Amino acid sequence: MTAGIPEFIPADVRARLRDLRLLARRPSGSPGFGGHPSRSRGAGLEFAQYRAYQQGDDPRQVDWKLHARSDRYYVREAERDSPLEVWLLIDATASMAQGDAARPGWSRLDAARGIAACVIELALRQGDRFGVVTIGGEGVAMVPAASGPRQRNRCLLHLHRLQAAGAWPAAAGLRAVGERIRPGALVLVLGDCFDEACVALAEQLSAARREVLTAQILTAEERDFPFRGGYRFTDPESGEEVLSDGASAREGFLERFAAARHALAARLAGQGIRHFEYFLDQPLDAPLRRLFGRASVDAGPERS
Amino acid sequence: MSFGLLLPAGLAALFALLLPLLLHLHRRTEQQPAMFAALRWLKVRQRPQRKIRFEEWPLLALRLLLLAALALLLAQPVLSGAPGGERWVVVAPGIDRAQARAALAAPDAAWHWLAPGFPSLERDPPTGTQPLGSLLRELDATLREDSIVTVVVPARLEGLDGERPALRRDVEWRVLETESTSSPAASPRPLLLAVRHALPDDPALRYLRAAGAAWAAEAAGPAANRARIDIAPASEPIGPEVRGLVWLAPGVLPPELRAWIEAGGTALLAAATEAPGPDAGSALWRNAAGEALVLGRAMGNGRVMQLTRVLAPANLPEILDPDFPDRLRALFEPPPPPDSAYAEAHSPRSGGPELPPTPRPLHPWLALLVATLFALERWLATSRRRERAA
């Protein structure tokens, strides 16, 4: 790991990253050479199609054996392996600063950073291109997609400087996001998905042929609601306050919250978005393992 | 054995119990702040429960206990009734310890001196004359009714009062013959009365001189023990052996005379003398009609007596009475009260007043309890705080 940048990934998680592999469901559309199947045709190992000879084709590409049989000129084309473009879209609004009382100093944003760092490591290992978009109170900040260790350092530095503050920006500020992320890219949205605009952005990207994955980062308190006694709950973004008794509010909250989570999962699944939940007390690689581990091989076309 | 309170109003301090209750209740209503982004699913306003609940039960209970103990301490609890009847032997001072123990075979008895506080016989014998009658009554009132008391006294008792003590129990009255080591108290120096007058022909001087002559003519006792009188003008200084002064000069009391009185002297002032201090005093001499003739009061360490009328037969016919010398002497030298008797004749009577049993105060134990509770409360409160801070 590069010196000077704090370690986002614990050692045990880093060790477990070894057998993970980023995979896209759809063929990649990125130019260049990489390790992922792409829609581009060209030189490669995997046969794709025969095409009638056009003027300008390299004569070496003509399949002469086929010409001998059919007396026509065909050009043999193969699928070209392309690199994957991975975008990490991180919600950096104020609600991401929330953490658990049981583990102070470990907020949603810290977890998002950790997951993002894991993905960056994977992408770097595979030679894929990756970029980071953070959306917070200060607007949209971006590290344009590129590959290589220097790109990783750029991204990690950007993550390191990230602060959770403010609310989700207006839709006008988000247009750059859609413009920068090219079709076919893998977009991993890391956030609490409490903002309707955030979910809408994910849907928009998915509808525009980006492969979107959403990771809803939730605290253990939101799952268990362990509050007892009088509490003044404050929404960090709107500043709203609710005075409530922990024990008596628990049941209603858990019920409503579970319903809301199910509704969100159903809605995103309907849009073809792979959605998963991550709780702050889980290990960092748990969501990645579910998405990219051996068990989820069927999620994308396997290439040997 | 029964429990009682000497000051039940002290229990009003139990109202202080409300204080820790309020403290622990007050914390309950405090709302802890918590950041919670999923607020919209919590929106339904659920009022915090109004059920009365207290935090930190053990600490609250300890504090309540502490305050209750303090209130009880204020109410002065007593335990009446001694644990059981005992056998007491009290020995009057003046008797040899070993002699008393030898005379009385009571090995299991508690041996005490008949002295204030009833010290154990192991202690040094008390000195001086003890008020025996009063001590006997106190002992009788303090001990339980079924206690057995033996009193060991010398043949001759001193320090008695006017009445044979009437006790509610029959005490065993043991008279021991002792060598009369205590000789009759050495008689104090004889009275030397100084008379200081302003006028040499003061009519009072005649009578005072006559009183002095009467003292000198007293038959009993050696001549050196007789009271004397010394008449001189007011300007004469007062000799060191003078023990009483009659001041017949009118006007303000000279300061050196006042200093002499305050140093311990006794002075009889004429009616015309202006003495500092309060006018009133206790009547030391009344005439047959009950009117006060001499008023006495303290001044510094000494005593001031003032005549209420002029010392002349016209105003004070009592000076013509034959007992005037004795009266005058008694003013300066009050006769000792009759306080000695033969022990055989002074055994306590039974049938004394029925007294309520003397209750035993529970202060020390309760104070100990309060201190322990306080220490415990502090420990619990601070350790809790430490735990919370950590």
# chains A, B, ... in the order shown; residues from 1 in each chain; ligands from 1

call {"tool": "closest_atom_pairs", "arguments": {"of": "chain A", "to": "chain B", "cutoff": "10 Å", "atoms": "only C-alpha atoms", "output": "tab-separated table"}}
result
residue	atom	partner	partner_atom	distance
A:Ala94	CA	B:Ala37	CA	8.8
A:Ser95	CA	B:Ala37	CA	5.5
A:Met96	CA	B:Ala37	CA	8.4
A:Ala97	CA	B:Met35	CA	8.9
A:Gln98	CA	B:Met35	CA	6.4
A:Gly99	CA	B:Met35	CA	8.3
A:Asp100	CA	B:Met35	CA	9.4
A:Ala101	CA	B:Ala34	CA	9.0
A:Asp192	CA	B:Ala37	CA	8.9
A:Phe194	CA	B:Ala38	CA	7.2
A:Leu218	CA	B:Ala38	CA	9.4
A:Thr219	CA	B:Phe36	CA	9.6
A:Glu221	CA	B:Phe36	CA	9.0
A:Glu222	CA	B:Ala38	CA	7.4
A:Phe227	CA	B:Ala34	CA	9.5
A:Gly229	CA	B:Pro48	CA	7.8
A:Gly230	CA	B:Gln31	CA	4.9
A:Tyr231	CA	B:Gln32	CA	4.6
A:Arg232	CA	B:Pro33	CA	4.6
A:Phe233	CA	B:Ala34	CA	5.0
A:Thr234	CA	B:Met35	CA	5.0
A:Asp235	CA	B:Ala37	CA	4.9
A:Pro236	CA	B:Ala37	CA	6.3
A:Glu237	CA	B:Ala37	CA	7.6
A:Ser238	CA	B:Ala37	CA	9.2
A:Gly239	CA	B:Met35	CA	9.7
A:Glu240	CA	B:Leu39	CA	8.3
A:Glu241	CA	B:Leu39	CA	8.3
A:Val242	CA	B:Lys43	CA	7.0
A:Leu243	CA	B:Arg47	CA	6.9
A:Ser244	CA	B:Pro48	CA	5.2
A:Asp245	CA	B:Pro48	CA	4.3
A:Gly246	CA	B:Pro48	CA	8.1
A:Ala247	CA	B:Gln49	CA	9.3
A:Ser248	CA	B:Gln46	CA	7.5
A:Ala249	CA	B:Gln46	CA	6.6
A:Arg250	CA	B:Leu42	CA	8.8
A:Gly252	CA	B:Leu42	CA	7.8
A:Phe253	CA	B:Leu42	CA	5.5
A:Leu254	CA	B:Trp41	CA	8.5
A:Glu255	CA	B:Trp41	CA	9.0
A:Arg256	CA	B:Trp41	CA	6.0
A:Phe257	CA	B:Trp41	CA	5.9
A:Ala258	CA	B:Trp41	CA	9.6
A:Ala259	CA	B:Trp41	CA	9.8
A:Ala260	CA	B:Trp41	CA	8.3

call {"tool": "select_by_dssp", "arguments": {"residues": "range 112-302 of chain A", "states": "helix (DSSP H, G or I)", "output": "NGL selection string"}}
result
:A and (112-126 or 149-161 or 171-180 or 196-207 or 220-224 or 246-270 or 286-292 or 294-299)

call {"tool": "write_last_selection", "arguments": {"atoms": "C-alpha atoms", "output": "short mmCIF file (atom, residue, chain, number, x, y, z; two decimals), in the first residue's frame"}}
result
data_model
loop_
_atom_site.label_atom_id
_atom_site.label_comp_id
_atom_site.auth_asym_id
_atom_site.auth_seq_id
_atom_site.Cartn_x
_atom_site.Cartn_y
_atom_site.Cartn_z
CA ALA A 112 -18.19 3.24 2.07
CA ARG A 113 -14.52 4.21 1.86
CA GLY A 114 -13.49 0.70 2.84
CA ILE A 115 -15.70 -0.97 0.28
CA ALA A 116 -14.58 1.49 -2.37
CA ALA A 117 -10.95 0.79 -1.54
CA CYS A 118 -11.60 -2.93 -1.88
CA VAL A 119 -13.16 -2.47 -5.29
CA ILE A 120 -10.29 -0.24 -6.36
CA GLU A 121 -7.84 -2.93 -5.33
CA LEU A 122 -9.74 -5.52 -7.34
CA ALA A 123 -9.97 -3.27 -10.37
CA LEU A 124 -6.29 -2.45 -10.20
CA ARG A 125 -5.42 -6.10 -10.05
CA GLN A 126 -7.52 -6.84 -13.11
CA PRO A 149 -1.48 2.48 -9.39
CA ARG A 150 -1.33 6.24 -9.68
CA GLN A 151 -5.02 6.33 -10.38
CA ARG A 152 -5.57 4.22 -7.30
CA ASN A 153 -3.58 6.68 -5.21
CA ARG A 154 -5.54 9.57 -6.65
CA CYS A 155 -8.78 7.85 -5.76
CA LEU A 156 -7.69 6.94 -2.26
CA LEU A 157 -6.47 10.46 -1.62
CA HIS A 158 -9.80 11.76 -2.78
CA LEU A 159 -11.60 9.35 -0.47
CA HIS A 160 -9.36 10.33 2.37
CA ARG A 161 -10.30 13.97 2.04
CA ALA A 171 -30.56 17.47 -10.16
CA ALA A 172 -28.76 20.04 -12.34
CA GLY A 173 -25.48 19.36 -10.60
CA LEU A 174 -25.74 15.67 -11.34
CA ARG A 175 -25.77 15.91 -15.13
CA ALA A 176 -21.99 15.66 -15.24
CA VAL A 177 -22.23 12.24 -13.61
CA GLY A 178 -24.27 10.80 -16.46
CA GLU A 179 -22.03 12.41 -19.00
CA ARG A 180 -18.79 11.10 -17.57
CA GLU A 196 -35.00 9.63 -3.09
CA ALA A 197 -32.77 11.56 -5.49
CA CYS A 198 -29.97 9.08 -4.94
CA VAL A 199 -32.19 6.14 -5.84
CA ALA A 200 -33.50 8.09 -8.82
CA LEU A 201 -29.96 8.69 -10.04
CA ALA A 202 -29.21 4.99 -9.82
CA GLU A 203 -32.33 4.20 -11.80
CA GLN A 204 -31.45 6.82 -14.37
CA LEU A 205 -27.98 5.40 -14.87
CA SER A 206 -29.36 1.90 -15.11
CA ALA A 207 -31.90 2.98 -17.69
CA ALA A 220 -26.65 -1.87 13.27
CA GLU A 221 -28.83 0.48 15.29
CA GLU A 222 -31.16 0.86 12.36
CA ARG A 223 -31.42 -2.89 12.13
CA ASP A 224 -31.81 -3.64 15.85
CA GLY A 246 -36.82 4.03 22.57
CA ALA A 247 -38.58 0.95 23.83
CA SER A 248 -42.05 1.96 22.75
CA ALA A 249 -41.00 3.23 19.33
CA ARG A 250 -38.97 0.15 18.52
CA GLU A 251 -41.59 -2.18 17.16
CA GLY A 252 -43.26 0.36 14.90
CA PHE A 253 -39.97 1.56 13.55
CA LEU A 254 -38.60 -1.88 12.80
CA GLU A 255 -41.78 -2.82 11.00
CA ARG A 256 -41.92 0.33 8.89
CA PHE A 257 -38.23 0.33 8.18
CA ALA A 258 -38.20 -3.29 7.08
CA ALA A 259 -41.14 -2.56 4.78
CA ALA A 260 -39.31 0.42 3.32
CA ARG A 261 -36.19 -1.66 2.72
CA HIS A 262 -38.16 -4.36 1.00
CA ALA A 263 -39.90 -1.80 -1.15
CA LEU A 264 -36.58 -0.29 -2.15
CA ALA A 265 -35.07 -3.67 -2.97
CA ALA A 266 -38.09 -4.58 -5.09
CA ARG A 267 -38.02 -1.28 -6.88
CA LEU A 268 -34.33 -1.54 -7.72
CA ALA A 269 -34.64 -5.16 -8.75
CA GLY A 270 -37.39 -4.08 -11.10
CA ALA A 286 -19.19 -9.37 2.81
CA PRO A 287 -21.13 -7.42 0.13
CA LEU A 288 -18.38 -7.90 -2.47
CA ARG A 289 -18.30 -11.61 -1.76
CA ARG A 290 -22.01 -11.83 -2.40
CA LEU A 291 -21.63 -9.93 -5.67
CA PHE A 292 -18.36 -11.14 -7.10
CA ARG A 294 -17.36 -17.82 -6.45
CA ALA A 295 -20.94 -18.32 -5.39
CA SER A 296 -22.15 -15.62 -7.72
CA VAL A 297 -20.46 -16.92 -10.82
CA ASP A 298 -23.76 -17.11 -12.58
CA ALA A 299 -24.05 -13.37 -12.25
#

call {"tool": "residues_around", "arguments": {"residues": "Ser282 in chain B", "least_positions_apart": "3", "cutoff": "9 Å", "atoms": "only C-alpha atoms", "output": "VMD selection string"}}
result
chain B and resid 292 294 to 297

call {"tool": "residues_around", "arguments": {"residues": "range 204-209 of chain B", "least_positions_apart": "2", "cutoff": "9 Å", "atoms": "only C-alpha atoms", "output": "list in words"}}
result
Val195, His197, Pro200, Asp201, Asp202, Ala211, Gly212, Ala213, Ala214, Ile229, Asp230, Ile231, Leu248, Val310, Leu311, Ala312, Pro313, Ile319, Leu320, Phe324, Pro325 and Leu328 of chain B

call {"tool": "closest_residue", "arguments": {"among": "B:Ala92, B:Ala298, B:Leu72, B:Leu59", "to": "Gly128 in chain B", "atoms": "only C-alpha atoms"}}
result
B:Ala92

call {"tool": "residues_around", "arguments": {"residues": "range 258-271 of chain B", "least_positions_apart": "2", "cutoff": "8 Å", "atoms": "only C-alpha atoms", "output": "list of chain:residue names"}}
result
B:Arg243, B:Gly244, B:Leu245, B:Val246, B:Trp247, B:Leu248, B:Ala249, B:Pro250, B:Leu253, B:Pro254, B:Pro255, B:Glu256, B:Thr273, B:Glu274, B:Met299, B:Gly300, B:Asn301, B:Gly302, B:Arg303, B:Val304, B:Met305, B:Gln306, B:Leu307, B:Thr308, B:Arg309, B:Val310, B:Leu311, B:Phe332

call {"tool": "residues_around", "arguments": {"residues": "Val151 in chain B", "least_positions_apart": "6", "cutoff": "7 Å", "atoms": "only C-alpha atoms", "output": "CSV table (one decimal) with C-alpha atoms, in the first residue's frame"}}
result
chain,number,residue,atom,x,y,z
B,89,VAL,CA,-21.2,-2.7,94.2
B,90,VAL,CA,-20.5,0.9,94.7
B,91,VAL,CA,-17.8,2.0,97.0
B,171,VAL,CA,-29.9,-1.6,98.7
B,172,GLU,CA,-27.4,-3.5,100.8
B,173,TRP,CA,-25.8,-0.9,103.0
B,174,ARG,CA,-22.4,-2.1,104.2

call {"tool": "residues_around", "arguments": {"residues": "Arg378 in chain B", "least_positions_apart": "6", "cutoff": "10 Å", "atoms": "only C-alpha atoms", "output": "PDB file with N, CA and C atoms, in the first residue's frame"}}
result
ATOM      1  N   LEU B  59     -28.298   3.053  44.049  1.00  0.00           N
ATOM      2  CA  LEU B  59     -27.830   4.326  44.576  1.00  0.00           C
ATOM      3  C   LEU B  59     -28.989   5.085  45.217  1.00  0.00           C
ATOM      4  N   LEU B  62     -29.815   3.619  48.521  1.00  0.00           N
ATOM      5  CA  LEU B  62     -28.791   3.955  49.506  1.00  0.00           C
ATOM      6  C   LEU B  62     -28.964   5.380  49.996  1.00  0.00           C
ATOM      7  N   ARG B  63     -29.267   6.279  49.062  1.00  0.00           N
ATOM      8  CA  ARG B  63     -29.440   7.677  49.458  1.00  0.00           C
ATOM      9  C   ARG B  63     -30.668   7.839  50.342  1.00  0.00           C
ATOM     10  N   THR B 372     -21.213   5.029  57.672  1.00  0.00           N
ATOM     11  CA  THR B 372     -21.012   3.896  56.763  1.00  0.00           C
ATOM     12  C   THR B 372     -21.826   4.075  55.495  1.00  0.00           C
ATOM     13  N   ARG B 384     -19.672   4.661  39.827  1.00  0.00           N
ATOM     14  CA  ARG B 384     -20.570   4.704  38.675  1.00  0.00           C
ATOM     15  C   ARG B 384     -20.111   5.740  37.666  1.00  0.00           C
TER      16      ARG B 384
END

call {"tool": "atom_distance", "arguments": {"atom1": "CA of Leu89 in chain A", "atom2": "CA of Leu162 in chain A"}}
result
12.6 Å
